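Enquirer: Pasting a structure here, questions to come.
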Amino acid sequence: MRILTVSFESAPAFLRAFHWGPEGGEVVFATRASVSPDERVLVELRLPGMWERMLLGAVGLPAHTDHARVRFLPEERMSLAFAQGVAEGHSPPSSGRRHPRFPLSIRTEWSATAEPRGRIVSATFDVSATGAFVHSLAPPRVGTALDVVMCTGDRRCPLRARVARTRTALSAASPKGDWVAGMGLHFESRDAATRTWREHLRRIDASGQV
């Protein structure tokens with residue numbers, strides 16, 4: 001999966017290129033790298049005044065020559081609403097995150113450290129060097145220590161984590177905001193496995209390929 005960097009020189013330029021379609025947010029941008037219809041890509045969105053790097057999942061749509069057009073995945077609506085708010089001057093420019101998030105679905109095996117036999121298989125909504133958001137309809141309580149295994153291809157990366165926040169409700173009340181049920185994890189280990197995980201994300205970042 002390719003990572004496309006889409007930069008706008010001004011907030012009005014972004015607002016002219018972006019709109020909400022019936023199936024989600026869409027954006028048109030000039031590019032030398034064509035995007036095929038139905039091609040899955042990651043879009044790195046850059047706006048003036050938005051210091052947090054934003055990576056969003058999208059799919060290619062038909063477009064004119066020298067331009068690309070993509071529709072963002074439904075789960076990106078909250079992030080897009082944030083970007084739109086920044087461009088319109090309504091949202092703060094940064095959420096304070098120090099590490100970029102990657103909207104990747106990665107097989108995740110987890111269990112409470114106190115109950116290692118009850119392992120659950122799920123998937124991530126997004127990941128970073130220091131944490132992840134994992135789908136779960138019944139997440140453990142905030143503060144629960146977990147043993148987590150991130151599975152990418154034939155690689156298994158065991159990590160120690162703690163539940164930092166939870167979401168237990170699904171809502172699509174607004175076209176600009178969806179809630180994904182699950183839990184935000186903070187990785188606590190500082191060992192070889194953590195270094196391996198961070199190096200794996202650095203390779204994704206550097207190569208533009210997942």
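Letters A, B, ... go to the chains of the structure tokens in the order shown; residues in each chain start at 1; ligands are counted from 1 in the same order.
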Using 8 Å as the limit and counting only C-alpha atoms, can you tabulate each residue of range 47-165 of chain A that touches range 2-15 of chain A, with its shortest atom-to-atom distance in Å and the two atoms involved, as a Markdown table?

Expert:
| residue | atom | partner | partner_atom | distance |
| --- | --- | --- | --- | --- |
| A:Leu47 | CA | A:Phe8 | CA | 5.6 |
| A:Pro48 | CA | A:Ser10 | CA | 6.0 |
| A:Gln84 | CA | A:Leu15 | CA | 7.4 |
| A:Ala87 | CA | A:Ala11 | CA | 4.7 |
| A:Glu88 | CA | A:Ala11 | CA | 7.3 |

Enquirer: Going by DSSP on the backbone, which bits of chain A are strand (DSSP E or B)? Write them as JSON, numbers by chain, please.

Expert: {"A": [2, 3, 4, 5, 6, 7, 18, 19, 20, 21, 24, 25, 26, 27, 28, 29, 30, 40, 41, 42, 43, 44, 45, 46, 54, 55, 56, 57, 58, 59, 60, 61, 67, 68, 69, 70, 71, 72, 102, 107, 108, 109, 110, 111, 112, 120, 121, 122, 123, 124, 125, 126, 127, 131, 132, 133, 134, 135, 145, 146, 147, 148, 149, 150, 151, 152, 155, 156, 157, 158, 159, 160, 161, 162, 163, 164, 165, 166, 167, 171, 172, 173, 174, 177, 178, 179, 182, 183, 184, 185, 186, 187, 209]}

Enquirer: Measuring between only C-alpha atoms, which one of A:Val134, A:Ala193, A:Leu73, A:Val163 shows the shortest distance to Ala181 in chain A?

Expert: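 That would be A:Val134, the residue with the smallest distance to Ala181 in chain A.
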
Enquirer: Pick the closest to Ser128 in chain A from A:Gly89, A:His200, A:Ala112, A:Ala81: which is it, counting only C-alpha atoms?

Expert: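 Using only C-alpha atoms, Ser128 in chain A sits closest to A:His200.
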
Enquirer: Looking at only C-alpha atoms, which of A:Cys151, A:Val43, A:Ala161, A:Val35 is the one that sits closest to Pro103 in chain A?

Expert: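 Distance minimum relative to Pro103 in chain A lands on A:Val43.
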
Enquirer: Going by DSSP on the backbone, which residues of range 12-175 of chain A come out as helix (DSSP H, G or I)? List them as a list in words.

Expert: Pro12, Ala13, Phe14, Leu15, Arg16, Ala17, Pro74, Glu75, Glu76, Arg77, Met78, Ser79, Leu80, Ala81, Phe82, Ala83, Gln84, Gly85, Val86, Ala87 and Glu88 of chain A

Enquirer: Which residue gives the smallest distance to Gly131 in chain A among A:Arg155, A:His186, A:Arg167, A:Arg160, with only C-alpha atoms counted?

Expert: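 That would be A:His186, the residue with the smallest distance to Gly131 in chain A.
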
Enquirer: Which of these residues is nearest to Ser79 in chain A, using only C-alpha atoms: A:Ala138, A:Ile106, A:Leu45, A:Ala30?

Expert: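 Result for the nearest residue to Ser79 in chain A: A:Leu45.
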